[in-house]
Amino acid sequence: MSITADIRSTVTDLRASVAALHAELPRNELVIWTAGNVSARVPGHELLVIKPSGVSYDELTPESMVVTDFDGTLVEGDRAPSSDTAAHAYVYRHLPHVGGVVHTHSRYATAWAAIGEPIPCVLTMIADEFGGEIPVGPFALIGDDSIGRASRTPCADTLRGHRSRAVLMRGHGPFTIGRDARDAVKAAVMVEDVARAVFIARQLGNPTPLPQADIETLFDR
Ligand SMILES: [Zn+2]
């Protein structure tokens, strides 16, 4: 697959927006070092734009972003794609409504992933943003060098059965999705914020899940 003339301007725009959105990860304290990434689907094509591997956030430019196909094979770019590319590609392949994916190891969401417990829907903000508890997906070895070998990433399977835009991969950290990359970044910021708030609430007492009818009203709004 290659970048055809009809999608050149779309890819150029996505390179710029994905590069800019990476700045939100350190700004919102979701990442340390280079461990977190944003991607965007090229609409109508089996292509995605993602961060290159191992480049620090303040060195990312639109030109340094890479384009891969849904096997994680490099289509355009000077560097290797993020080692999480196969996981992002799997989400796009299996969830056609998703336009953006974010993966981080943000601290509080990752703590919930470590104990393998869903974040309960005890705040209106969780109902608004996620429509219920934030689920836990199975443990999976991802982010190795098996890009292109069709590594299967079950976060898409968990997300498909749930209206939450976030999933906590057991023993790993959060993945979030959105209608575009910006929406997925917003979900990554929100999941970390509610993970922290509910953690603090647990220190104060026993937070009570919201009634399901109220969750439905909040989510529909
Ligand atoms: Zn990871």
# chains A, B, ... in the order shown; residues from 1 in each chain; ligands from 1

call {"tool": "residues_around", "arguments": {"residues": "region 95-100 of chain A", "least_positions_apart": "5", "cutoff": "9 Å", "atoms": "only C-alpha atoms", "output": "compact mmCIF listing (two decimals) with N, CA, C and O atoms, in the first residue's frame"}}
result
# COMPACT_ATOMS: atom_id res chain seq x y z
N VAL A 38 0.02 8.21 20.46
CA VAL A 38 -1.26 8.60 19.86
C VAL A 38 -1.21 8.16 18.40
O VAL A 38 -0.17 8.28 17.75
N SER A 39 -2.35 7.69 17.89
CA SER A 39 -2.42 7.40 16.45
C SER A 39 -3.75 7.87 15.90
O SER A 39 -4.70 8.13 16.65
N ALA A 40 -3.81 7.99 14.58
CA ALA A 40 -5.05 8.36 13.89
C ALA A 40 -5.21 7.48 12.66
O ALA A 40 -4.24 7.15 11.98
N ARG A 41 -6.46 7.11 12.41
CA ARG A 41 -6.78 6.38 11.19
C ARG A 41 -6.79 7.36 10.01
O ARG A 41 -7.25 8.51 10.15
N VAL A 42 -6.31 6.90 8.86
CA VAL A 42 -6.51 7.64 7.62
C VAL A 42 -7.88 7.20 7.09
O VAL A 42 -8.03 6.05 6.67
N PRO A 43 -8.89 8.09 7.16
CA PRO A 43 -10.27 7.64 6.89
C PRO A 43 -10.40 6.97 5.52
O PRO A 43 -9.88 7.48 4.52
N HIS A 88 -2.40 -0.74 18.08
CA HIS A 88 -3.26 0.30 17.51
C HIS A 88 -3.93 -0.22 16.23
O HIS A 88 -5.14 -0.05 16.03
N TYR A 90 -4.61 -3.19 15.31
CA TYR A 90 -5.64 -4.20 15.60
C TYR A 90 -6.96 -3.53 15.96
O TYR A 90 -8.03 -3.97 15.54
N ALA A 156 -9.17 -4.51 21.83
CA ALA A 156 -10.30 -4.26 20.94
C ALA A 156 -11.47 -5.16 21.27
O ALA A 156 -12.63 -4.75 21.16
N ASP A 157 -11.17 -6.37 21.68
CA ASP A 157 -12.25 -7.31 22.01
C ASP A 157 -13.01 -6.82 23.24
O ASP A 157 -14.24 -6.93 23.31
N LEU A 159 -13.20 -3.62 24.26
CA LEU A 159 -13.89 -2.38 23.90
C LEU A 159 -15.14 -2.65 23.07
O LEU A 159 -16.13 -1.94 23.20
N ARG A 160 -15.10 -3.66 22.25
CA ARG A 160 -16.25 -3.97 21.39
C ARG A 160 -17.48 -4.32 22.22
O ARG A 160 -18.59 -3.99 21.85
N THR A 176 -7.20 4.01 25.11
CA THR A 176 -8.44 4.73 24.89
C THR A 176 -8.66 4.91 23.39
O THR A 176 -7.71 4.91 22.60
N ILE A 177 -9.94 5.06 23.04
CA ILE A 177 -10.31 5.25 21.64
C ILE A 177 -11.20 6.48 21.54
O ILE A 177 -11.73 6.98 22.53
N GLY A 178 -11.34 6.99 20.30
CA GLY A 178 -12.22 8.12 20.07
C GLY A 178 -12.62 8.19 18.61
O GLY A 178 -12.08 7.45 17.78
N ARG A 179 -13.53 9.11 18.32
CA ARG A 179 -13.94 9.27 16.92
C ARG A 179 -12.78 9.84 16.10
O ARG A 179 -12.70 9.65 14.91
N ASP A 180 -11.88 10.55 16.78
CA ASP A 180 -10.63 10.98 16.14
C ASP A 180 -9.54 10.95 17.22
O ASP A 180 -9.80 10.61 18.38
N ALA A 181 -8.32 11.32 16.82
CA ALA A 181 -7.20 11.21 17.76
C ALA A 181 -7.39 12.15 18.95
O ALA A 181 -7.07 11.80 20.09
N ARG A 182 -7.93 13.35 18.71
CA ARG A 182 -8.14 14.30 19.81
C ARG A 182 -9.12 13.75 20.85
O ARG A 182 -8.92 13.89 22.06
N ASP A 183 -10.18 13.12 20.36
CA ASP A 183 -11.18 12.52 21.25
C ASP A 183 -10.54 11.39 22.08
O ASP A 183 -10.85 11.24 23.27
N ALA A 184 -9.66 10.62 21.48
CA ALA A 184 -8.98 9.54 22.21
C ALA A 184 -8.02 10.10 23.26
O ALA A 184 -7.88 9.53 24.35
N VAL A 185 -7.37 11.23 22.95
CA VAL A 185 -6.49 11.88 23.93
C VAL A 185 -7.32 12.41 25.10
O VAL A 185 -6.95 12.25 26.27

call {"tool": "residues_near_ligand", "arguments": {"ligand": "ligand 1", "cutoff": "10 Å", "atoms": "only C-alpha atoms and all ligand atoms", "output": "MDAnalysis selection string"}}
result
chainID A and resid 35:37 83:84 87 103:106 110 141:144 169 171:175

call {"tool": "closest_residue", "arguments": {"among": "A:Asp214, A:Asp13, A:Asp6, A:Asp71", "to": "Ala127 (chain A)", "atoms": "only C-alpha atoms"}}
result
A:Asp214

call {"tool": "select_by_dssp", "arguments": {"residues": "region 41-199 of chain A", "states": "strand (DSSP E)", "output": "PDB file with N, CA, C and O atoms, in the first residue's frame"}}
result
ATOM      1  N   ARG A  41      -6.464   7.109  12.407  1.00  0.00           N
ATOM      2  CA  ARG A  41      -6.777   6.381  11.187  1.00  0.00           C
ATOM      3  C   ARG A  41      -6.794   7.355  10.006  1.00  0.00           C
ATOM      4  O   ARG A  41      -7.251   8.506  10.149  1.00  0.00           O
ATOM      5  N   LEU A  47      -4.757   2.476   6.724  1.00  0.00           N
ATOM      6  CA  LEU A  47      -3.518   3.174   7.057  1.00  0.00           C
ATOM      7  C   LEU A  47      -3.708   3.934   8.367  1.00  0.00           C
ATOM      8  O   LEU A  47      -4.828   4.376   8.677  1.00  0.00           O
ATOM      9  N   LEU A  48      -2.620   4.093   9.103  1.00  0.00           N
ATOM     10  CA  LEU A  48      -2.670   4.903  10.314  1.00  0.00           C
ATOM     11  C   LEU A  48      -1.398   5.734  10.423  1.00  0.00           C
ATOM     12  O   LEU A  48      -0.346   5.375   9.877  1.00  0.00           O
ATOM     13  N   VAL A  49      -1.537   6.852  11.146  1.00  0.00           N
ATOM     14  CA  VAL A  49      -0.412   7.749  11.425  1.00  0.00           C
ATOM     15  C   VAL A  49      -0.088   7.607  12.904  1.00  0.00           C
ATOM     16  O   VAL A  49      -0.987   7.686  13.743  1.00  0.00           O
ATOM     17  N   ILE A  50       1.187   7.371  13.225  1.00  0.00           N
ATOM     18  CA  ILE A  50       1.574   7.125  14.626  1.00  0.00           C
ATOM     19  C   ILE A  50       2.968   7.674  14.880  1.00  0.00           C
ATOM     20  O   ILE A  50       3.721   7.990  13.948  1.00  0.00           O
ATOM     21  N   VAL A  66       5.125   8.604  11.439  1.00  0.00           N
ATOM     22  CA  VAL A  66       5.231   7.541  10.438  1.00  0.00           C
ATOM     23  C   VAL A  66       3.829   7.055  10.064  1.00  0.00           C
ATOM     24  O   VAL A  66       2.876   7.189  10.840  1.00  0.00           O
ATOM     25  N   VAL A  67       3.721   6.513   8.876  1.00  0.00           N
ATOM     26  CA  VAL A  67       2.472   5.937   8.384  1.00  0.00           C
ATOM     27  C   VAL A  67       2.696   4.444   8.194  1.00  0.00           C
ATOM     28  O   VAL A  67       3.719   4.032   7.625  1.00  0.00           O
ATOM     29  N   THR A  68       1.770   3.631   8.728  1.00  0.00           N
ATOM     30  CA  THR A  68       1.868   2.177   8.536  1.00  0.00           C
ATOM     31  C   THR A  68       0.541   1.650   8.011  1.00  0.00           C
ATOM     32  O   THR A  68      -0.484   2.331   8.063  1.00  0.00           O
ATOM     33  N   ASP A  69       0.595   0.410   7.527  1.00  0.00           N
ATOM     34  CA  ASP A  69      -0.658  -0.272   7.189  1.00  0.00           C
ATOM     35  C   ASP A  69      -1.162  -1.014   8.437  1.00  0.00           C
ATOM     36  O   ASP A  69      -0.575  -0.910   9.524  1.00  0.00           O
ATOM     37  N   LEU A  74       5.709  -0.393   7.780  1.00  0.00           N
ATOM     38  CA  LEU A  74       5.978   1.004   7.464  1.00  0.00           C
ATOM     39  C   LEU A  74       5.623   1.303   6.003  1.00  0.00           C
ATOM     40  O   LEU A  74       6.053   0.608   5.086  1.00  0.00           O
ATOM     41  N   VAL A  75       4.808   2.336   5.818  1.00  0.00           N
ATOM     42  CA  VAL A  75       4.435   2.781   4.475  1.00  0.00           C
ATOM     43  C   VAL A  75       5.165   4.076   4.128  1.00  0.00           C
ATOM     44  O   VAL A  75       5.567   4.292   2.999  1.00  0.00           O
ATOM     45  N   GLU A  76       5.323   4.940   5.139  1.00  0.00           N
ATOM     46  CA  GLU A  76       6.005   6.212   4.895  1.00  0.00           C
ATOM     47  C   GLU A  76       6.627   6.695   6.198  1.00  0.00           C
ATOM     48  O   GLU A  76       5.956   6.705   7.232  1.00  0.00           O
ATOM     49  N   GLY A 100      -9.264   7.308  16.354  1.00  0.00           N
ATOM     50  CA  GLY A 100      -8.035   7.608  17.073  1.00  0.00           C
ATOM     51  C   GLY A 100      -7.841   6.651  18.238  1.00  0.00           C
ATOM     52  O   GLY A 100      -8.821   6.177  18.830  1.00  0.00           O
ATOM     53  N   VAL A 101      -6.578   6.366  18.543  1.00  0.00           N
ATOM     54  CA  VAL A 101      -6.225   5.451  19.641  1.00  0.00           C
ATOM     55  C   VAL A 101      -5.081   6.076  20.433  1.00  0.00           C
ATOM     56  O   VAL A 101      -4.169   6.679  19.846  1.00  0.00           O
ATOM     57  N   VAL A 102      -5.153   5.944  21.760  1.00  0.00           N
ATOM     58  CA  VAL A 102      -4.073   6.414  22.629  1.00  0.00           C
ATOM     59  C   VAL A 102      -3.717   5.300  23.608  1.00  0.00           C
ATOM     60  O   VAL A 102      -4.608   4.623  24.145  1.00  0.00           O
ATOM     61  N   HIS A 103      -2.419   5.115  23.830  1.00  0.00           N
ATOM     62  CA  HIS A 103      -1.948   4.189  24.855  1.00  0.00           C
ATOM     63  C   HIS A 103      -0.936   4.905  25.726  1.00  0.00           C
ATOM     64  O   HIS A 103      -0.037   5.563  25.214  1.00  0.00           O
ATOM     65  N   THR A 104      -1.137   4.825  27.044  1.00  0.00           N
ATOM     66  CA  THR A 104      -0.160   5.364  27.993  1.00  0.00           C
ATOM     67  C   THR A 104       0.008   4.375  29.136  1.00  0.00           C
ATOM     68  O   THR A 104      -0.699   3.358  29.203  1.00  0.00           O
ATOM     69  N   VAL A 136     -11.659  -3.883  32.545  1.00  0.00           N
ATOM     70  CA  VAL A 136     -10.302  -4.431  32.493  1.00  0.00           C
ATOM     71  C   VAL A 136     -10.251  -5.449  31.360  1.00  0.00           C
ATOM     72  O   VAL A 136     -11.146  -6.292  31.235  1.00  0.00           O
ATOM     73  N   GLY A 137      -9.228  -5.343  30.539  1.00  0.00           N
ATOM     74  CA  GLY A 137      -9.001  -6.331  29.481  1.00  0.00           C
ATOM     75  C   GLY A 137      -7.947  -7.327  29.917  1.00  0.00           C
ATOM     76  O   GLY A 137      -7.235  -7.099  30.892  1.00  0.00           O
ATOM     77  N   ALA A 166     -12.485   3.671  27.166  1.00  0.00           N
ATOM     78  CA  ALA A 166     -11.216   3.320  27.810  1.00  0.00           C
ATOM     79  C   ALA A 166     -11.260   1.874  28.285  1.00  0.00           C
ATOM     80  O   ALA A 166     -12.312   1.389  28.701  1.00  0.00           O
ATOM     81  N   VAL A 167     -10.125   1.215  28.218  1.00  0.00           N
ATOM     82  CA  VAL A 167      -9.983  -0.121  28.787  1.00  0.00           C
ATOM     83  C   VAL A 167      -8.639  -0.172  29.505  1.00  0.00           C
ATOM     84  O   VAL A 167      -7.658   0.425  29.046  1.00  0.00           O
ATOM     85  N   LEU A 168      -8.632  -0.852  30.656  1.00  0.00           N
ATOM     86  CA  LEU A 168      -7.393  -1.020  31.420  1.00  0.00           C
ATOM     87  C   LEU A 168      -6.862  -2.412  31.112  1.00  0.00           C
ATOM     88  O   LEU A 168      -7.480  -3.402  31.503  1.00  0.00           O
ATOM     89  N   MET A 169      -5.748  -2.487  30.398  1.00  0.00           N
ATOM     90  CA  MET A 169      -5.201  -3.799  30.093  1.00  0.00           C
ATOM     91  C   MET A 169      -4.493  -4.332  31.336  1.00  0.00           C
ATOM     92  O   MET A 169      -3.573  -3.683  31.867  1.00  0.00           O
ATOM     93  N   GLY A 173      -1.737  -1.196  31.369  1.00  0.00           N
ATOM     94  CA  GLY A 173      -2.119   0.219  31.410  1.00  0.00           C
ATOM     95  C   GLY A 173      -3.292   0.466  30.488  1.00  0.00           C
ATOM     96  O   GLY A 173      -3.812  -0.447  29.862  1.00  0.00           O
ATOM     97  N   PRO A 174      -3.693   1.745  30.393  1.00  0.00           N
ATOM     98  CA  PRO A 174      -4.904   2.072  29.641  1.00  0.00           C
ATOM     99  C   PRO A 174      -4.689   2.216  28.124  1.00  0.00           C
ATOM    100  O   PRO A 174      -3.658   2.704  27.680  1.00  0.00           O
ATOM    101  N   PHE A 175      -5.689   1.790  27.379  1.00  0.00           N
ATOM    102  CA  PHE A 175      -5.878   2.150  25.978  1.00  0.00           C
ATOM    103  C   PHE A 175      -7.175   2.940  25.901  1.00  0.00           C
ATOM    104  O   PHE A 175      -8.164   2.579  26.551  1.00  0.00           O
ATOM    105  N   THR A 176      -7.196   4.006  25.111  1.00  0.00           N
ATOM    106  CA  THR A 176      -8.440   4.729  24.886  1.00  0.00           C
ATOM    107  C   THR A 176      -8.660   4.909  23.388  1.00  0.00           C
ATOM    108  O   THR A 176      -7.708   4.907  22.598  1.00  0.00           O
ATOM    109  N   ILE A 177      -9.935   5.057  23.038  1.00  0.00           N
ATOM    110  CA  ILE A 177     -10.315   5.245  21.636  1.00  0.00           C
ATOM    111  C   ILE A 177     -11.198   6.484  21.537  1.00  0.00           C
ATOM    112  O   ILE A 177     -11.730   6.975  22.533  1.00  0.00           O
ATOM    113  N   GLY A 178     -11.341   6.988  20.301  1.00  0.00           N
ATOM    114  CA  GLY A 178     -12.220   8.115  20.069  1.00  0.00           C
ATOM    115  C   GLY A 178     -12.615   8.186  18.614  1.00  0.00           C
ATOM    116  O   GLY A 178     -12.081   7.450  17.778  1.00  0.00           O
TER     117      GLY A 178
END

call {"tool": "closest_residue", "arguments": {"among": "A:Ile134, A:Ala195, A:Ala187, A:Ile3", "to": "Gly161 (chain A)", "atoms": "only C-alpha atoms"}}
result
A:Ile134

call {"tool": "select_by_dssp", "arguments": {"residues": "chain A", "states": "alpha helix (DSSP H)", "output": "ChimeraX atom specification"}}
result
/A:8-22,24-27,85-94,107-115,124-130,155-160,181-204,212-220

call {"tool": "atom_distance", "arguments": {"atom1": "CA of Leu14 (chain A)", "atom2": "CA of Ser53 (chain A)"}}
result
17.7 Å

call {"tool": "atom_distance", "arguments": {"atom1": "CA of Ile215 (chain A)", "atom2": "CA of Ile200 (chain A)"}}
result
21.3 Å

call {"tool": "atom_distance", "arguments": {"atom1": "CA of Leu210 (chain A)", "atom2": "CA of Val91 (chain A)"}}
result
29.6 Å

call {"tool": "residues_around", "arguments": {"residues": "Val198 (chain A)", "least_positions_apart": "4", "cutoff": "8 Å", "atoms": "only C-alpha atoms", "output": "list in words"}}
result
Ile119, Val122, Val194, Arg202 and Pro207 of chain A

call {"tool": "residues_around", "arguments": {"residues": "region 58-61 of chain A", "least_positions_apart": "6", "cutoff": "8 Å", "atoms": "only C-alpha atoms", "output": "number ranges by chain"}}
result
A: 16, 19-20, 22-23, 51

call {"tool": "write_last_selection", "arguments": {"atoms": "C-alpha atoms", "output": "mmCIF file, in the first residue's frame"}}
result
data_model
loop_
_atom_site.group_PDB
_atom_site.id
_atom_site.type_symbol
_atom_site.label_atom_id
_atom_site.label_comp_id
_atom_site.auth_asym_id
_atom_site.auth_seq_id
_atom_site.Cartn_x
_atom_site.Cartn_y
_atom_site.Cartn_z
ATOM 1 C CA ALA A 16 0.445 17.625 12.046
ATOM 2 C CA ALA A 19 2.384 15.287 16.342
ATOM 3 C CA ALA A 20 0.688 18.173 18.177
ATOM 4 C CA HIS A 22 1.556 14.034 21.582
ATOM 5 C CA ALA A 23 2.397 17.241 23.469
ATOM 6 C CA LYS A 51 4.595 8.236 16.607
#

call {"tool": "decode", "arguments": {"residues": "region 122-135 of chain A", "atoms": "all heavy atoms", "output": "tab-separated table (two decimals), in the first residue's frame"}}
result
chain	number	residue	atom	x	y	z
A	122	VAL	N	-18.69	5.65	40.00
A	122	VAL	CA	-19.11	6.29	41.25
A	122	VAL	C	-19.15	7.80	41.14
A	122	VAL	O	-19.38	8.49	42.15
A	122	VAL	CB	-18.18	5.87	42.41
A	122	VAL	CG1	-18.32	4.37	42.68
A	122	VAL	CG2	-16.72	6.22	42.11
A	123	LEU	N	-18.89	8.35	39.95
A	123	LEU	CA	-18.89	9.80	39.73
A	123	LEU	C	-19.66	10.12	38.45
A	123	LEU	O	-19.59	9.35	37.48
A	123	LEU	CB	-17.45	10.31	39.57
A	123	LEU	CG	-16.52	10.15	40.78
A	123	LEU	CD1	-15.08	10.40	40.37
A	123	LEU	CD2	-16.94	11.11	41.90
A	124	THR	N	-20.34	11.27	38.46
A	124	THR	CA	-21.07	11.66	37.25
A	124	THR	C	-20.13	11.78	36.05
A	124	THR	O	-20.50	11.46	34.92
A	124	THR	CB	-21.80	12.99	37.45
A	124	THR	OG1	-20.85	13.99	37.82
A	124	THR	CG2	-22.87	12.88	38.53
A	125	MET	N	-18.90	12.21	36.32
A	125	MET	CA	-17.93	12.36	35.24
A	125	MET	C	-17.65	11.01	34.55
A	125	MET	O	-17.44	10.96	33.33
A	125	MET	CB	-16.65	12.94	35.83
A	125	MET	CG	-15.56	13.22	34.86
A	125	MET	SD	-14.22	14.03	35.78
A	125	MET	CE	-12.86	13.74	34.68
A	126	ILE	N	-17.64	9.94	35.33
A	126	ILE	CA	-17.39	8.61	34.75
A	126	ILE	C	-18.59	8.20	33.89
A	126	ILE	O	-18.44	7.66	32.78
A	126	ILE	CB	-17.10	7.57	35.85
A	126	ILE	CG1	-15.89	8.00	36.68
A	126	ILE	CG2	-16.88	6.18	35.24
A	126	ILE	CD1	-15.60	7.11	37.88
A	127	ALA	N	-19.79	8.49	34.39
A	127	ALA	CA	-21.00	8.18	33.60
A	127	ALA	C	-21.04	9.00	32.32
A	127	ALA	O	-21.33	8.49	31.24
A	127	ALA	CB	-22.24	8.44	34.45
A	128	ASP	N	-20.72	10.31	32.45
A	128	ASP	CA	-20.72	11.21	31.28
A	128	ASP	C	-19.77	10.71	30.20
A	128	ASP	O	-20.13	10.63	29.02
A	128	ASP	CB	-20.23	12.61	31.67
A	128	ASP	CG	-21.26	13.43	32.42
A	128	ASP	OD1	-22.46	13.16	32.24
A	128	ASP	OD2	-20.86	14.33	33.18
A	129	GLU	N	-18.56	10.43	30.61
A	129	GLU	CA	-17.48	10.17	29.64
A	129	GLU	C	-17.42	8.72	29.19
A	129	GLU	O	-17.03	8.44	28.06
A	129	GLU	CB	-16.13	10.54	30.26
A	129	GLU	CG	-15.92	12.03	30.42
A	129	GLU	CD	-15.81	12.74	29.08
A	129	GLU	OE1	-15.33	12.13	28.11
A	129	GLU	OE2	-16.22	13.91	29.01
A	130	PHE	N	-17.76	7.80	30.09
A	130	PHE	CA	-17.50	6.39	29.80
A	130	PHE	C	-18.76	5.52	29.85
A	130	PHE	O	-18.71	4.35	29.48
A	130	PHE	CB	-16.42	5.85	30.74
A	130	PHE	CG	-15.12	6.60	30.62
A	130	PHE	CD1	-14.74	7.52	31.59
A	130	PHE	CD2	-14.31	6.44	29.51
A	130	PHE	CE1	-13.55	8.25	31.45
A	130	PHE	CE2	-13.13	7.17	29.36
A	130	PHE	CZ	-12.75	8.07	30.34
A	131	GLY	N	-19.85	6.06	30.34
A	131	GLY	CA	-21.13	5.34	30.30
A	131	GLY	C	-21.21	4.16	31.23
A	131	GLY	O	-22.08	3.30	31.09
A	132	GLY	N	-20.34	4.11	32.23
A	132	GLY	CA	-20.36	3.01	33.19
A	132	GLY	C	-18.95	2.76	33.69
A	132	GLY	O	-18.05	3.59	33.48
A	133	GLU	N	-18.76	1.61	34.32
A	133	GLU	CA	-17.42	1.32	34.84
A	133	GLU	C	-16.42	1.21	33.69
A	133	GLU	O	-16.79	0.95	32.55
A	133	GLU	CB	-17.43	0.02	35.66
A	133	GLU	CG	-17.62	-1.21	34.82
A	133	GLU	CD	-17.47	-2.50	35.64
A	133	GLU	OE1	-17.60	-2.46	36.88
A	133	GLU	OE2	-17.22	-3.55	35.01
A	134	ILE	N	-15.17	1.44	34.02
A	134	ILE	CA	-14.11	1.32	33.02
A	134	ILE	C	-13.54	-0.09	33.13
A	134	ILE	O	-13.00	-0.47	34.17
A	134	ILE	CB	-13.04	2.41	33.24
A	134	ILE	CG1	-13.70	3.78	33.01
A	134	ILE	CG2	-11.86	2.21	32.29
A	134	ILE	CD1	-12.96	4.94	33.58
A	135	PRO	N	-13.70	-0.88	32.05
A	135	PRO	CA	-13.43	-2.31	32.16
A	135	PRO	C	-11.94	-2.65	32.12
A	135	PRO	O	-11.11	-1.84	31.71
A	135	PRO	CB	-14.13	-2.88	30.92
A	135	PRO	CG	-14.08	-1.78	29.92
A	135	PRO	CD	-14.20	-0.51	30.71
